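S.K.: Pasting in a structure now, in structure tokens, and then I'll have a few things to ask.
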Amino acid sequence: MGFGGGLKGGGGLFNGDGTLRPFTFSAIAPGDKKAGKWAYIVLAFQADGKEKVDTQHLFLGGVDRYQFEEGGDTAVSLTKEGEEADKSTIGKNTPAGRFFGTLWALVEGTENEGILPDLEAGEPLNFDGINGLRVTLGQEKDEKGTREKGQKVGSDGVSRDRTNTIVEAVLGAPAAAAKGGSKLAAAGKKAAKADDTAARDKADAIVQQLIADAKKADKKNKTGETPVSKFKMAALRALAKDSDKDAVIKLLGDEGYRNDAAERGAFAYDSDAETVAEA
């Protein structure tokens, strides 16, 4: 389980201590105005002592391999047929893969492990959890890129080896972030303030839609039995820009909510099998 199983197998000059800020997805390469054929994860990093948040495009892969909204915070992998894959992945030797691979190596098995999506469990590529994480970034030589493409010539006219941005150290959990705070902390406050009834109704609607979709996809699945593991991805998609998104996701992950929904007749819930179905 975890993020690392989703790593299947360039960079910039980001070095030193700082705070990670919200990452997004883009098909527009640096310097271009229109979407092209390549997909990128846009790293956002606020170096210590700087007010400005710097960004860097980390190459992810072909746009035909991923589905996302331009500037959005969530993506999923696609099959060769253009269908959504069961699990989302990142090429481990791509710039995006090197960045997240080094981060995963530092948080795996620690209290920070949950900040990265559980790709093995089918969660989408969403990195909201790392917003506010304090890290030390560095550069490693891209041996293959330098060998095949040669050195890069900088704006100062100096030729240098190609590099990948990597995480060299994790300095603290997101909640301990400096100015700006972490999105996880903000999400907790937002969920606490969200209208309980509105969030519950949205959670109910998401689960009921999943059940309806399951019945439609498989005529033999007459009750629309659906695993709870699909809840988070569905919520991220349905509520991408909804102010109640975090509150709804929190509800969907709470077994108390699922039991309450079953009592209200919103849907049936099997706690042993971790599935829901039509009431």
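Ordering of the structure tokens sets the chain letters (A, B, ...), residue numbers begin anew at 1 in every chain, and ligands are numbered from 1 in the order given.
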Can you pull out every residue within 10 Å of Arg147 in chain A, counting only C-alpha atoms, but drop anything in the same chain fewer than 4 positions away, and send it as a PyMOL selection string?
M.R.: chain A and resi 142-143+151+161-162
S.K.: Quick one: residues within 8 Å of range 222-239 of chain A, only C-alpha atoms counted, chain neighbours fewer than 6 positions away excluded, as a PyMOL selection string?
M.R.: chain A and resi 74+121-124+203+206-207+210-215+245+248-249+252-253+274-278
S.K.: For Phe14 in chain A, which residue out of A:Asn112, A:Thr197, A:Asn221, A:Gln139 is the nearest one, using only C-alpha atoms?
M.R.: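 Counting only C-alpha atoms, the residue closest to Phe14 in chain A is A:Gln139.
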S.K.: Residues at most 9 Å from Arg200 in chain A, counting only C-alpha atoms, excluding those fewer than 5 positions away in the same chain, as a PyMOL selection string?
M.R.: chain A and resi 195+205+247-248+251-252+257+261
S.K.: Find the spatial neighbours of range 29-44 of chain A, counting only C-alpha atoms, within a cut-off of 7 Å - ignore same-chain residues fewer than 6 positions away - and output them as a ChimeraX atom specification.
M.R.: /A:20-23,53-63,96
S.K.: By how many Å are CA of Phe25 in chain A and CA of Gly72 in chain A apart?
M.R.: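 CA of Gly72 in chain A lies at a distance of 5.6 Å from CA of Phe25 in chain A.
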S.K.: Please measure the separation of CA of Asp218 in chain A and CA of Ala268 in chain A, giving the value in Å to one decimal.
M.R.: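 Between CA of Asp218 in chain A and CA of Ala268 in chain A the gap works out to 18.3 Å.
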S.K.: May I ask which of the residues A:Asp17, A:Asp86, A:Gly138, A:Ile166 is the closest one to Gly101 in chain A, counting only C-alpha atoms?
M.R.: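 Distance minimum relative to Gly101 in chain A lands on A:Ile166.
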S.K.: Name the closest residue to Ile90 in chain A among the candidates A:Ile130, A:Leu137, A:Ala240, A:Leu78; distances are taken between atoms, counting only C-alpha atoms.
M.R.: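 Nearest to Ile90 in chain A: A:Leu78.
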S.K.: In Å, how far is it from CA of Leu125 in chain A to CA of Val167 in chain A?
M.R.: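 Interatomic distance, CA of Leu125 in chain A to CA of Val167 in chain A: 18.3 Å.
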S.K.: Set the distance at 12 Å and use only C-alpha atoms: which residues neighbour Thr146 in chain A once local chain neighbours fewer than 5 positions away are removed? I'd like the list as a PDB file with N, CA and C atoms, in the first residue's frame.
M.R.:
```pdb
ATOM      1  N   GLY A  10      15.585  15.811 -16.120  1.00  0.00           N
ATOM      2  CA  GLY A  10      15.173  17.209 -16.210  1.00  0.00           C
ATOM      3  C   GLY A  10      15.209  17.961 -14.870  1.00  0.00           C
ATOM      4  N   GLY A  11      14.824  18.838 -14.571  1.00  0.00           N
ATOM      5  CA  GLY A  11      14.774  19.490 -13.292  1.00  0.00           C
ATOM      6  C   GLY A  11      14.980  20.975 -13.359  1.00  0.00           C
ATOM      7  N   GLU A 140      20.052  16.697  -8.430  1.00  0.00           N
ATOM      8  CA  GLU A 140      20.869  15.534  -8.745  1.00  0.00           C
ATOM      9  C   GLU A 140      21.098  15.517 -10.252  1.00  0.00           C
ATOM     10  N   LYS A 141      22.239  15.067 -10.671  1.00  0.00           N
ATOM     11  CA  LYS A 141      22.544  15.039 -12.095  1.00  0.00           C
ATOM     12  C   LYS A 141      21.650  14.054 -12.826  1.00  0.00           C
ATOM     13  N   GLN A 151      24.655  18.975 -22.335  1.00  0.00           N
ATOM     14  CA  GLN A 151      24.466  19.939 -21.268  1.00  0.00           C
ATOM     15  C   GLN A 151      23.524  21.061 -21.702  1.00  0.00           C
ATOM     16  N   LYS A 152      22.919  21.706 -20.704  1.00  0.00           N
ATOM     17  CA  LYS A 152      22.044  22.841 -20.968  1.00  0.00           C
ATOM     18  C   LYS A 152      22.849  24.124 -20.853  1.00  0.00           C
ATOM     19  N   VAL A 153      22.560  25.061 -21.722  1.00  0.00           N
ATOM     20  CA  VAL A 153      23.235  26.355 -21.671  1.00  0.00           C
ATOM     21  C   VAL A 153      22.324  27.334 -20.937  1.00  0.00           C
ATOM     22  N   SER A 159      27.486  26.300 -19.771  1.00  0.00           N
ATOM     23  CA  SER A 159      26.918  24.964 -19.980  1.00  0.00           C
ATOM     24  C   SER A 159      26.986  24.170 -18.682  1.00  0.00           C
ATOM     25  N   ARG A 160      25.881  23.535 -18.350  1.00  0.00           N
ATOM     26  CA  ARG A 160      25.833  22.747 -17.112  1.00  0.00           C
ATOM     27  C   ARG A 160      25.128  21.430 -17.376  1.00  0.00           C
ATOM     28  N   ASP A 161      25.429  20.446 -16.526  1.00  0.00           N
ATOM     29  CA  ASP A 161      24.747  19.162 -16.632  1.00  0.00           C
ATOM     30  C   ASP A 161      23.255  19.359 -16.361  1.00  0.00           C
ATOM     31  N   ARG A 162      22.433  18.546 -16.994  1.00  0.00           N
ATOM     32  CA  ARG A 162      21.005  18.555 -16.710  1.00  0.00           C
ATOM     33  C   ARG A 162      20.778  17.942 -15.333  1.00  0.00           C
ATOM     34  N   THR A 163      19.792  18.458 -14.635  1.00  0.00           N
ATOM     35  CA  THR A 163      19.538  17.983 -13.277  1.00  0.00           C
ATOM     36  C   THR A 163      18.056  17.737 -13.036  1.00  0.00           C
ATOM     37  N   ASN A 164      17.760  17.019 -11.976  1.00  0.00           N
ATOM     38  CA  ASN A 164      16.400  16.820 -11.493  1.00  0.00           C
ATOM     39  C   ASN A 164      16.301  17.390 -10.087  1.00  0.00           C
TER      40      ASN A 164
END
```
S.K.: Identify, with DSSP run on backbone atoms, the residues in range 35-126 of chain A assigned to strand (DSSP E), and express the list as a PyMOL selection string.
M.R.: chain A and resi 38-47+54-62+66-68+74-77+90-91+125-126
S.K.: Tell me which of A:Leu106, A:Pro174, A:Ala75, A:Ile28 sits closest to Leu133 in chain A, counting only C-alpha atoms.
M.R.: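 Of A:Leu106, A:Pro174, A:Ala75, A:Ile28, the one nearest Leu133 in chain A is A:Pro174, counting only C-alpha atoms.
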S.K.: Of the residues A:Ser26, A:Ser88, A:Gln46, A:Thr79, which is the one nearest to Thr136 in chain A, using only C-alpha atoms?
M.R.: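 Answer, going by the shortest atom-to-atom distance: A:Gln46.
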S.K.: Tell me which of A:Lys144, A:Ala273, A:Val158, A:Gly109 sits closest to Pro95 in chain A, counting only C-alpha atoms.
M.R.: A:Lys144
S.K.: Taking only range 13-163 of chain A into account, list the residues labelled alpha helix (DSSP H) by DSSP (computed from the backbone), as a PyMOL selection string.
M.R.: chain A and resi 95-107+143-149
S.K.: Take the residues from that selection and put them in a file with N, CA and C atoms, as a compact mmCIF listing (two decimals), in the first residue's frame.
M.R.:
```txt
# COMPACT_ATOMS: atom_id res chain seq x y z
N PRO A 95 11.21 13.44 -14.28
CA PRO A 95 11.45 14.46 -13.26
C PRO A 95 10.40 14.44 -12.15
N ALA A 96 9.12 14.24 -12.50
CA ALA A 96 8.09 14.16 -11.48
C ALA A 96 8.31 12.93 -10.59
N GLY A 97 8.68 11.81 -11.22
CA GLY A 97 8.92 10.59 -10.48
C GLY A 97 10.11 10.70 -9.54
N ARG A 98 11.16 11.37 -9.97
CA ARG A 98 12.34 11.53 -9.12
C ARG A 98 11.99 12.40 -7.91
N PHE A 99 11.23 13.46 -8.15
CA PHE A 99 10.86 14.34 -7.04
C PHE A 99 10.04 13.58 -6.00
N PHE A 100 8.96 12.96 -6.45
CA PHE A 100 8.07 12.29 -5.50
C PHE A 100 8.68 11.00 -4.96
N GLY A 101 9.56 10.38 -5.75
CA GLY A 101 10.23 9.18 -5.26
C GLY A 101 11.14 9.50 -4.08
N THR A 102 11.86 10.62 -4.17
CA THR A 102 12.74 11.00 -3.06
C THR A 102 11.94 11.46 -1.85
N LEU A 103 10.80 12.12 -2.10
CA LEU A 103 9.94 12.52 -0.98
C LEU A 103 9.36 11.30 -0.30
N TRP A 104 8.87 10.33 -1.10
CA TRP A 104 8.29 9.12 -0.54
C TRP A 104 9.30 8.36 0.31
N ALA A 105 10.54 8.30 -0.14
CA ALA A 105 11.57 7.59 0.61
C ALA A 105 11.79 8.20 2.00
N LEU A 106 11.52 9.49 2.13
CA LEU A 106 11.73 10.17 3.40
C LEU A 106 10.52 10.10 4.32
N VAL A 107 9.32 9.95 3.77
CA VAL A 107 8.12 9.94 4.63
C VAL A 107 7.55 8.55 4.84
N GLU A 143 21.78 11.86 -15.39
CA GLU A 143 22.82 11.20 -16.19
C GLU A 143 22.33 10.90 -17.60
N LYS A 144 21.15 10.31 -17.71
CA LYS A 144 20.64 9.93 -19.03
C LYS A 144 20.34 11.16 -19.88
N GLY A 145 19.69 12.14 -19.27
CA GLY A 145 19.36 13.34 -20.03
C GLY A 145 20.58 14.07 -20.51
N THR A 146 21.60 14.16 -19.66
CA THR A 146 22.84 14.85 -20.04
C THR A 146 23.56 14.08 -21.13
N ARG A 147 23.54 12.75 -21.02
CA ARG A 147 24.23 11.91 -22.01
C ARG A 147 23.54 11.98 -23.37
N GLU A 148 22.21 11.95 -23.36
CA GLU A 148 21.47 11.91 -24.62
C GLU A 148 21.24 13.29 -25.25
N LYS A 149 21.06 14.30 -24.41
CA LYS A 149 20.73 15.64 -24.94
C LYS A 149 21.85 16.64 -24.78
```
